[in-house]
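Structure, as structure tokens:
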Amino acid sequence: MDSSEKRCPPIVSSTSINGGFGPGLPRSRAFFLRGDNPRPSNPRLTTMPAGKKEPVLPPARELTPKGRRIANDYLRRILTASVYDVARETPLEPARSLSRRVGNHVLLKREDQQPVFSFKLRGAYNKMVHLPAEALQRGVICASAGNHAQGVALAAKRLNCRALVVMPVTTPRLKVDAVQALGGEVLLHGDSYSDAYTHAAQLQQQQGLTFVHPFDDPDVIAGQGTVAVELLRQHEGPIDAVFVAIGGGGLISGVAAYIKALRPEVRVIGVQTADSDAMLQSVRRGRRVTLSDVGLFSDGTAVKLVGAETFRIARELVDDYVVVDTDAVCAAIKDVFQDTRSILEPAGALGVAAIKQYVAQHKLKGATLVAITCGANMNFDRLRFVAERAEFGEQREALFVVTIPEERGSFKRLCELLGSRSVTEFNYRISDPQAAQVFVGIAIQRREEIERIARTLEKHGFATVDLTDDELAKEHVRHMVGGRSELAREERLFRFQFPERPGALMRFLAAMHPGWNISLFNYRNQGADYGRILVGIQVPRGDGKAFDEFLRTLAYPFIEETGNPLVSRFLQ
Ligand SMILES: Cc1ncc(COP(=O)(O)O)c(C=O)c1O
């Protein structure tokens with residue numbers, strides 16, 4: 001063990017374990033119960049504190065002789081790296097709206113704007129351009145779940161060589177298509193990156209190809225380090241910290257080496273997801289740790305074992321680590337969208353998610369913080385999930401189960417109590433003669449409101465349980481409220497289109513005859529033009545005419561579904 005190995009490990013942000021944190025944001029479109037206007041965001045944060053307060057950050061770590069040596073060795077490699085035959089110098093842009101909201105200067109290094117929508121082509125090209133001519137003639141091979149593959153394919157196209165790319169069969173279609181469109185030969189093999197990697201290693205031997213590692217190679221690391229060359233040139237003023245997503249560690253190794261060689265006072269902070277934190281665990285234990293499983297949401301950083309070289313660099317040069325959860329990443333994707341109208345992939349948004357957490361943890365004001373927005377290869381069908389979870393990541397939606405008496409008018413009373421709050425979800429199915437369990441989602445500005453809402457409901461006799469952090473509620477139960485009920489006699493079912501505007505539900509409830517009971521309600525704000533709502537109403541036979549009149553005067557478009565065969569299969 002050398003002297004550097006006896007040092008304390010880097011500080012690890014405790015916020016990492018606690019999950020996301022975000023300041024209040026303007027409310028999104030949702031189902032308003034009554035006329036109200038979204039409140040403006042916190043006025044105290046609408047002007048930048050302009051660096052008046054000193055950031056209260058722990059100082060950047062003191063480099064050991066070993067760390068200095070590593071940084072200096074890589075400095076030369078990085079400065080002589082060749083990437084601009086394929087890569088472009090990406091802008092460093094202020095994230096104005098996010099900066100205002102978090103009270104710090106947030107800058108985005110827009111690596112999502114590379115020709116293959118991630119930084120990965122820098123490392124791949126630098127590796128390949130340094131290969132001897134015979135090796136290039138035989139061709140290269142890589143294993144990748146996506147972005148590295150595109151980098152290799154583009155580099156191969158530019159260098160006119162063969163590129164065989166082994167991808168797990170689970171790779172999103174978007175990424176397979178992109179590699180093929182660049183002329184890469186794709187071979188789908190195995191369920192995970194490790195399977196693809198093993199297979200690629202065999203093929204490499206059999207076919208005499210050169211393996212282009214996605215992160216654990218000095219030339220790849222040096223290529224990724226050119227991101228930092230641009231960054232320091234683009235912003236010559238003070239930088240408090242640069243936040244870098246970590247998968248296998250190639251990007252952060254290159255970035256940290258360059259920054260620590262030239263501006264050691266700039267903190268380099270690694271970001272990982274809670275379910276894929278191999279580098280953090282390895283640094284903590286002082287040896288490379290293989291994770292048994294990794295979460296795939298941030299597929300770009302889903303790596304079970306970091307590189308030997310990247311571990312050697314990161315443990316010497318990275319100042320701190322932040323671990324973020326899925327909801328925080330989704331919120332960060334939205335933050336970047338609001339500022340740039342671009343959509344990052346999850347790995348690409350880790351840095352931004354970490355900045356928000358770090359700012360909250362250290363109560364930072366006026367600091368200059370850079371996130372490398374390192375990728376935008378997002379599968380379109382993921383957007384629905386991202387949009388949904390962003391609300392939780394921003395702490396903008398609270399979920400409750402509220403128990404109300406199973407009696408006429410109590411649903412309306414509940415809605416009245418919620419008052420001007422915008423309801424994002426309402427799910428209910430009659431199931432008990434005495435008590436009704438209503439699943440309610442409510443838009444909030446900040447977390448403290450959850451408690452206040454619950455207290456108000458409790459005060460009026462509605463037992464309330466907070467489900468905001470309950471995965472079972474968020475992932476499953478919300479979709480399962482329904483089913484058959486013995487109590488649903490004389491029930492008619494209607495699909496209504498309610499206008500997504502204040503007062504729409506209250507108007508509906510107010511117009512209903514007190515003798516009619518709501519036996520089913522299913523609404524989720526989908527950000528659509530209209531609220532699509534399924535309602536079951538128990539209407540006594542003799543009230544048919546009055547009910548028709550109610551529908552006519554309400555004038556909300558509807559389709560009666562009582563006769564739909566699905567109703568007898570699932571609901572009655
Ligand atoms: C978008 C994106 N971000 C971050 C990473 C992590 O990079 P590294 O493996 O060099 O740590 C990757 C890796 O492929 C990526 O594609």
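We name chains A, B, ... following the order of the structure tokens; residues begin at 1 in each chain, and ligands are numbered from 1 as shown.
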Chain A residues near ligand 1 within 7 Å, closest pair each, using only C-alpha atoms and all ligand atoms, as JSON lines:
{"residue": "A:Ser118", "atom": "CA", "partner": "ligand 1", "partner_atom_place_in_ligand_line": "1 (C)", "distance": 5.6}
{"residue": "A:Lys120", "atom": "CA", "partner": "ligand 1", "partner_atom_place_in_ligand_line": "16 (O)", "distance": 6.5}
{"residue": "A:Gly146", "atom": "CA", "partner": "ligand 1", "partner_atom_place_in_ligand_line": "16 (O)", "distance": 7.0}
{"residue": "A:Asn147", "atom": "CA", "partner": "ligand 1", "partner_atom_place_in_ligand_line": "16 (O)", "distance": 4.7}
{"residue": "A:His148", "atom": "CA", "partner": "ligand 1", "partner_atom_place_in_ligand_line": "14 (O)", "distance": 5.5}
{"residue": "A:Pro214", "atom": "CA", "partner": "ligand 1", "partner_atom_place_in_ligand_line": "9 (O)", "distance": 6.4}
{"residue": "A:Phe215", "atom": "CA", "partner": "ligand 1", "partner_atom_place_in_ligand_line": "10 (O)", "distance": 5.0}
{"residue": "A:Ala245", "atom": "CA", "partner": "ligand 1", "partner_atom_place_in_ligand_line": "4 (C)", "distance": 5.0}
{"residue": "A:Ile246", "atom": "CA", "partner": "ligand 1", "partner_atom_place_in_ligand_line": "11 (O)", "distance": 3.7}
{"residue": "A:Gly247", "atom": "CA", "partner": "ligand 1", "partner_atom_place_in_ligand_line": "11 (O)", "distance": 3.5}
{"residue": "A:Gly248", "atom": "CA", "partner": "ligand 1", "partner_atom_place_in_ligand_line": "9 (O)", "distance": 3.7}
{"residue": "A:Gly249", "atom": "CA", "partner": "ligand 1", "partner_atom_place_in_ligand_line": "11 (O)", "distance": 3.3}
{"residue": "A:Gly250", "atom": "CA", "partner": "ligand 1", "partner_atom_place_in_ligand_line": "10 (O)", "distance": 3.2}
{"residue": "A:Leu251", "atom": "CA", "partner": "ligand 1", "partner_atom_place_in_ligand_line": "10 (O)", "distance": 3.9}
{"residue": "A:Ile252", "atom": "CA", "partner": "ligand 1", "partner_atom_place_in_ligand_line": "11 (O)", "distance": 6.1}
{"residue": "A:Gly300", "atom": "CA", "partner": "ligand 1", "partner_atom_place_in_ligand_line": "16 (O)", "distance": 4.0}
{"residue": "A:Thr301", "atom": "CA", "partner": "ligand 1", "partner_atom_place_in_ligand_line": "6 (C)", "distance": 4.8}
{"residue": "A:Glu345", "atom": "CA", "partner": "ligand 1", "partner_atom_place_in_ligand_line": "1 (C)", "distance": 6.7}
{"residue": "A:Ala347", "atom": "CA", "partner": "ligand 1", "partner_atom_place_in_ligand_line": "3 (N)", "distance": 4.5}
{"residue": "A:Gly348", "atom": "CA", "partner": "ligand 1", "partner_atom_place_in_ligand_line": "1 (C)", "distance": 4.6}
{"residue": "A:Cys374", "atom": "CA", "partner": "ligand 1", "partner_atom_place_in_ligand_line": "1 (C)", "distance": 4.8}
{"residue": "A:Gly375", "atom": "CA", "partner": "ligand 1", "partner_atom_place_in_ligand_line": "1 (C)", "distance": 3.7}
{"residue": "A:Ala376", "atom": "CA", "partner": "ligand 1", "partner_atom_place_in_ligand_line": "1 (C)", "distance": 6.7}
Go ahead and write the selection's residues with C-alpha atoms as a PDB file, in the first residue's frame.
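So the final result, stored in again.pdb, reads:
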ATOM      1  CA  SER A 118     -22.986  11.836 -26.475  1.00  0.00           C
ATOM      2  CA  LYS A 120     -18.378   8.877 -26.363  1.00  0.00           C
ATOM      3  CA  GLY A 146     -25.403   2.060 -26.855  1.00  0.00           C
ATOM      4  CA  ASN A 147     -23.448   5.281 -26.850  1.00  0.00           C
ATOM      5  CA  HIS A 148     -19.942   3.884 -27.053  1.00  0.00           C
ATOM      6  CA  PRO A 214     -15.655   1.876 -23.532  1.00  0.00           C
ATOM      7  CA  PHE A 215     -13.752   3.343 -20.589  1.00  0.00           C
ATOM      8  CA  ALA A 245     -21.777  11.107 -14.503  1.00  0.00           C
ATOM      9  CA  ILE A 246     -19.875   7.898 -13.869  1.00  0.00           C
ATOM     10  CA  GLY A 247     -20.457   4.546 -15.520  1.00  0.00           C
ATOM     11  CA  GLY A 248     -17.133   2.764 -15.911  1.00  0.00           C
ATOM     12  CA  GLY A 249     -15.328   5.996 -15.109  1.00  0.00           C
ATOM     13  CA  GLY A 250     -13.743   7.008 -18.429  1.00  0.00           C
ATOM     14  CA  LEU A 251     -15.326  10.434 -18.648  1.00  0.00           C
ATOM     15  CA  ILE A 252     -14.631  11.464 -15.079  1.00  0.00           C
ATOM     16  CA  GLY A 300     -25.465   4.802 -20.074  1.00  0.00           C
ATOM     17  CA  THR A 301     -24.004   4.443 -16.596  1.00  0.00           C
ATOM     18  CA  GLU A 345     -31.170  10.659 -21.649  1.00  0.00           C
ATOM     19  CA  ALA A 347     -27.291   9.322 -17.778  1.00  0.00           C
ATOM     20  CA  GLY A 348     -26.989  12.699 -19.466  1.00  0.00           C
ATOM     21  CA  CYS A 374     -23.290  13.955 -21.520  1.00  0.00           C
ATOM     22  CA  GLY A 375     -25.955  12.237 -23.599  1.00  0.00           C
ATOM     23  CA  ALA A 376     -29.314  12.549 -25.301  1.00  0.00           C
TER      24      ALA A 376
END
**Study point:** Picked from stretch 386-553 of chain A by DSSP as alpha helix (DSSP H), as a PyMOL selection string
**Key:** chain A and resi 386-393+410-418+448-459+471-472+478-480+504-511+544-553
For the selection just defined, write its residues with C-alpha atoms to a file, as a PDB file, in the first residue's frame.
ATOM      1  CA  VAL A 386     -39.913  10.469 -17.206  1.00  0.00           C
ATOM      2  CA  ALA A 387     -42.718  13.023 -17.321  1.00  0.00           C
ATOM      3  CA  GLU A 388     -44.649  11.142 -14.673  1.00  0.00           C
ATOM      4  CA  ARG A 389     -41.737  10.689 -12.305  1.00  0.00           C
ATOM      5  CA  ALA A 390     -40.394  14.208 -12.783  1.00  0.00           C
ATOM      6  CA  GLU A 391     -43.257  15.492 -10.677  1.00  0.00           C
ATOM      7  CA  PHE A 392     -42.123  13.362  -7.755  1.00  0.00           C
ATOM      8  CA  GLY A 393     -38.475  14.203  -8.297  1.00  0.00           C
ATOM      9  CA  SER A 410     -68.848  13.015   0.863  1.00  0.00           C
ATOM     10  CA  PHE A 411     -66.832  12.941  -2.368  1.00  0.00           C
ATOM     11  CA  LYS A 412     -67.968  16.478  -3.018  1.00  0.00           C
ATOM     12  CA  ARG A 413     -66.991  17.508   0.516  1.00  0.00           C
ATOM     13  CA  LEU A 414     -63.530  16.085  -0.045  1.00  0.00           C
ATOM     14  CA  CYS A 415     -63.193  18.087  -3.244  1.00  0.00           C
ATOM     15  CA  GLU A 416     -64.368  21.231  -1.489  1.00  0.00           C
ATOM     16  CA  LEU A 417     -61.737  20.721   1.179  1.00  0.00           C
ATOM     17  CA  LEU A 418     -59.020  20.428  -1.425  1.00  0.00           C
ATOM     18  CA  GLU A 448     -43.940  20.890   3.536  1.00  0.00           C
ATOM     19  CA  GLU A 449     -47.367  21.184   1.939  1.00  0.00           C
ATOM     20  CA  ILE A 450     -47.918  17.451   2.200  1.00  0.00           C
ATOM     21  CA  GLU A 451     -48.201  17.622   5.954  1.00  0.00           C
ATOM     22  CA  ARG A 452     -50.481  20.665   5.785  1.00  0.00           C
ATOM     23  CA  ILE A 453     -52.866  19.000   3.347  1.00  0.00           C
ATOM     24  CA  ALA A 454     -53.001  15.854   5.458  1.00  0.00           C
ATOM     25  CA  ARG A 455     -53.715  17.874   8.607  1.00  0.00           C
ATOM     26  CA  THR A 456     -56.561  19.769   6.940  1.00  0.00           C
ATOM     27  CA  LEU A 457     -58.187  16.567   5.743  1.00  0.00           C
ATOM     28  CA  GLU A 458     -57.756  14.891   9.126  1.00  0.00           C
ATOM     29  CA  LYS A 459     -59.251  17.907  10.884  1.00  0.00           C
ATOM     30  CA  GLU A 471     -43.257   2.852  -4.588  1.00  0.00           C
ATOM     31  CA  LEU A 472     -46.139   0.368  -4.425  1.00  0.00           C
ATOM     32  CA  ARG A 478     -52.701   3.783  -8.608  1.00  0.00           C
ATOM     33  CA  HIS A 479     -53.454   1.685 -11.713  1.00  0.00           C
ATOM     34  CA  MET A 480     -55.357  -0.982  -9.800  1.00  0.00           C
ATOM     35  CA  ALA A 504     -64.383  21.391 -13.966  1.00  0.00           C
ATOM     36  CA  LEU A 505     -64.861  18.638 -11.394  1.00  0.00           C
ATOM     37  CA  MET A 506     -66.721  20.821  -8.931  1.00  0.00           C
ATOM     38  CA  ARG A 507     -69.122  21.833 -11.659  1.00  0.00           C
ATOM     39  CA  PHE A 508     -69.781  18.172 -12.351  1.00  0.00           C
ATOM     40  CA  LEU A 509     -70.332  17.313  -8.703  1.00  0.00           C
ATOM     41  CA  ALA A 510     -72.458  20.361  -8.005  1.00  0.00           C
ATOM     42  CA  ALA A 511     -74.774  19.515 -10.896  1.00  0.00           C
ATOM     43  CA  GLY A 544     -83.433   8.149 -15.897  1.00  0.00           C
ATOM     44  CA  LYS A 545     -84.986  11.333 -17.211  1.00  0.00           C
ATOM     45  CA  ALA A 546     -83.410  13.581 -14.598  1.00  0.00           C
ATOM     46  CA  PHE A 547     -80.073  11.954 -15.296  1.00  0.00           C
ATOM     47  CA  ASP A 548     -80.375  12.552 -19.030  1.00  0.00           C
ATOM     48  CA  GLU A 549     -81.131  16.164 -18.277  1.00  0.00           C
ATOM     49  CA  PHE A 550     -78.043  16.350 -16.052  1.00  0.00           C
ATOM     50  CA  LEU A 551     -75.872  15.035 -18.885  1.00  0.00           C
ATOM     51  CA  ARG A 552     -77.412  17.449 -21.334  1.00  0.00           C
ATOM     52  CA  THR A 553     -76.924  20.564 -19.210  1.00  0.00           C
TER      53      THR A 553
END
Check your understanding: Could you pull out all residues of stretch 124-322 of chain A with a DSSP call of strand (DSSP E) and give them as a ChimeraX atom specification?
Key -> /A:140-143,163-167,185-188,210-211,241-245,267-273,320-322
List the spatial neighbours of A:Val268 as a short mmCIF file (atom, residue, chain, number, x, y, z; two decimals) with C-alpha atoms, in the first residue's frame - criterion: any atom at most 6 Å away, only C-alpha atoms, same-chain residues fewer than 4 positions off excluded.
data_model
loop_
_atom_site.label_atom_id
_atom_site.label_comp_id
_atom_site.auth_asym_id
_atom_site.auth_seq_id
_atom_site.Cartn_x
_atom_site.Cartn_y
_atom_site.Cartn_z
CA ALA A 241 -17.48 22.27 -8.99
CA VAL A 242 -17.93 20.17 -12.09
CA VAL A 318 -12.34 12.87 -7.59
CA ASP A 319 -13.34 15.14 -4.72
#
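For A:Phe211, the residues within 6 Å (counting only C-alpha atoms, excluding itself and residues fewer than 5 positions away along the chain) are Val140, Ile141 and Cys142 of chain A.
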Kindly save the residues from that selection, with C-alpha atoms included, as an mmCIF file, in the first residue's frame.
data_model
loop_
_atom_site.group_PDB
_atom_site.id
_atom_site.type_symbol
_atom_site.label_atom_id
_atom_site.label_comp_id
_atom_site.auth_asym_id
_atom_site.auth_seq_id
_atom_site.Cartn_x
_atom_site.Cartn_y
_atom_site.Cartn_z
ATOM 1 C CA VAL A 140 -12.263 -3.071 -34.431
ATOM 2 C CA ILE A 141 -14.787 -4.625 -32.099
ATOM 3 C CA CYS A 142 -16.559 -3.306 -29.037
#
Point to revise | Nearest residue to A:Tyr428 from the set A:Val179, A:Leu520, A:Ala353, A:Ala155 (distances using only C-alpha atoms) | key: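 Checking each candidate against A:Tyr428, we get A:Leu520 as the closest.
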Rows by chain and residue number, stretch 282-346 of chain A within 9 Å of stretch 101-115 of chain A, shortest pair, only C-alpha atoms, as CSV:
residue,atom,partner,partner_atom,distance
A:Val336,CA,A:Leu108,CA,8.8
A:Ser342,CA,A:Asp112,CA,8.8
A:Ile343,CA,A:Asp112,CA,8.9
A:Leu344,CA,A:Asp112,CA,7.1
A:Glu345,CA,A:Asp112,CA,8.8
Dump as an mmCIF file, in the first residue's frame, selection limited to C-alpha atoms:
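Contents of the output file part_19.cif:
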data_model
loop_
_atom_site.group_PDB
_atom_site.id
_atom_site.type_symbol
_atom_site.label_atom_id
_atom_site.label_comp_id
_atom_site.auth_asym_id
_atom_site.auth_seq_id
_atom_site.Cartn_x
_atom_site.Cartn_y
_atom_site.Cartn_z
ATOM 1 C CA VAL A 336 -32.809 20.866 -18.811
ATOM 2 C CA SER A 342 -33.572 19.508 -25.425
ATOM 3 C CA ILE A 343 -34.267 16.127 -23.908
ATOM 4 C CA LEU A 344 -31.383 14.363 -22.223
ATOM 5 C CA GLU A 345 -31.170 10.659 -21.649
#
Practice item. Give me the residues within 8 Å of A:Glu309 as a PyMOL selection string, counting only C-alpha atoms and dropping any in the same chain fewer than 5 places off. Key: chain A and resi 216-218
Practice item. Determine the nearest neighbour of A:Ile355 from the options A:Ala95, A:Leu209, A:Ala81, A:Val423, counting only C-alpha atoms. Key: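 Of A:Ala95, A:Leu209, A:Ala81, A:Val423, the one nearest A:Ile355, counting only C-alpha atoms, is A:Ala95.
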Exercise for review: Find the residues around A:Arg267 up to 10 Å (only C-alpha atoms counted), leave out those fewer than 4 positions away in its own chain, and share them as a VMD selection string.
Suggested key: chain A and resid 57 to 61 239 to 243 256 259 to 260 263 317 to 320 369
Using C-alpha atoms, can you export the residues from the last selection as a PDB file, in the first residue's frame?
ATOM      1  CA  LEU A  57     -18.270  23.958   0.242  1.00  0.00           C
ATOM      2  CA  PRO A  58     -15.623  21.674   1.578  1.00  0.00           C
ATOM      3  CA  PRO A  59     -12.350  22.645  -0.118  1.00  0.00           C
ATOM      4  CA  ALA A  60     -11.111  20.622  -3.061  1.00  0.00           C
ATOM      5  CA  ARG A  61      -8.982  17.728  -1.930  1.00  0.00           C
ATOM      6  CA  ILE A 239     -15.682  27.294 -11.051  1.00  0.00           C
ATOM      7  CA  ASP A 240     -16.692  25.747  -7.753  1.00  0.00           C
ATOM      8  CA  ALA A 241     -17.480  22.273  -8.988  1.00  0.00           C
ATOM      9  CA  VAL A 242     -17.925  20.166 -12.095  1.00  0.00           C
ATOM     10  CA  PHE A 243     -20.447  17.321 -11.880  1.00  0.00           C
ATOM     11  CA  ALA A 256     -10.594  15.065 -13.439  1.00  0.00           C
ATOM     12  CA  ILE A 259      -8.854  19.815 -14.285  1.00  0.00           C
ATOM     13  CA  LYS A 260      -6.617  18.701 -11.427  1.00  0.00           C
ATOM     14  CA  ARG A 263      -7.013  24.044 -11.816  1.00  0.00           C
ATOM     15  CA  LEU A 317      -8.584  12.833  -8.181  1.00  0.00           C
ATOM     16  CA  VAL A 318     -12.339  12.871  -7.595  1.00  0.00           C
ATOM     17  CA  ASP A 319     -13.338  15.141  -4.719  1.00  0.00           C
ATOM     18  CA  ASP A 320     -16.758  13.894  -3.817  1.00  0.00           C
ATOM     19  CA  LEU A 369     -21.488  24.802 -10.894  1.00  0.00           C
TER      20      LEU A 369
END
Practice item. Do a neighbour search on A:Ala156 at 9 Å with only C-alpha atoms, toss out local chain neighbours closer than 4 positions, and write the hits as number ranges by chain. Key: A: 125, 128, 136, 139-140, 151-152, 160-163, 182-184
Write the residues of the selection above to a file with N, CA and C atoms, as a compact mmCIF listing (two decimals), in the first residue's frame.
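Generated output (selection10.txt):
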# COMPACT_ATOMS: atom_id res chain seq x y z
N TYR A 125 -12.68 7.67 -30.89
CA TYR A 125 -11.88 8.11 -32.03
C TYR A 125 -10.40 8.23 -31.65
N MET A 128 -8.88 4.87 -31.67
CA MET A 128 -8.76 4.23 -32.99
C MET A 128 -7.76 4.94 -33.90
N LEU A 136 -6.06 -1.27 -37.94
CA LEU A 136 -7.26 -0.62 -38.49
C LEU A 136 -7.79 -1.40 -39.69
N GLY A 139 -9.81 -4.22 -38.50
CA GLY A 139 -11.08 -3.75 -37.95
C GLY A 139 -11.10 -3.78 -36.43
N VAL A 140 -12.15 -3.17 -35.89
CA VAL A 140 -12.26 -3.07 -34.43
C VAL A 140 -13.55 -3.74 -33.97
N GLY A 151 -20.17 5.85 -31.00
CA GLY A 151 -18.87 6.52 -31.13
C GLY A 151 -17.92 5.69 -31.97
N VAL A 152 -17.87 4.40 -31.68
CA VAL A 152 -16.96 3.50 -32.42
C VAL A 152 -17.39 3.43 -33.89
N ASN A 160 -12.49 4.66 -42.07
CA ASN A 160 -12.69 3.67 -43.13
C ASN A 160 -12.28 2.26 -42.70
N CYS A 161 -12.73 1.86 -41.54
CA CYS A 161 -12.41 0.52 -41.08
C CYS A 161 -13.67 -0.21 -40.63
N ARG A 162 -13.55 -1.51 -40.48
CA ARG A 162 -14.70 -2.32 -40.08
C ARG A 162 -14.94 -2.16 -38.57
N ALA A 163 -16.21 -2.04 -38.17
CA ALA A 163 -16.53 -1.99 -36.73
C ALA A 163 -17.61 -3.01 -36.44
N LEU A 182 -24.73 4.24 -39.03
CA LEU A 182 -23.36 4.75 -39.18
C LEU A 182 -22.45 3.73 -39.85
N GLY A 183 -23.03 2.60 -40.23
CA GLY A 183 -22.24 1.60 -40.94
C GLY A 183 -21.65 0.53 -40.03
N GLY A 184 -21.99 0.56 -38.74
CA GLY A 184 -21.48 -0.46 -37.81
C GLY A 184 -22.22 -1.78 -38.03
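If you measure from each of A:Val220, A:Ala488, A:Val401, A:Gln538 to A:Ala473 using only C-alpha atoms, the closest one turns out to be A:Val401.
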Review point. Restricting the calculation to only C-alpha atoms, which member of A:Arg315, A:Arg68, A:Lys304, A:His460 is positioned closest to A:Ile269?
Key: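 Of A:Arg315, A:Arg68, A:Lys304, A:His460, the one nearest A:Ile269 is A:Arg315, counting only C-alpha atoms.
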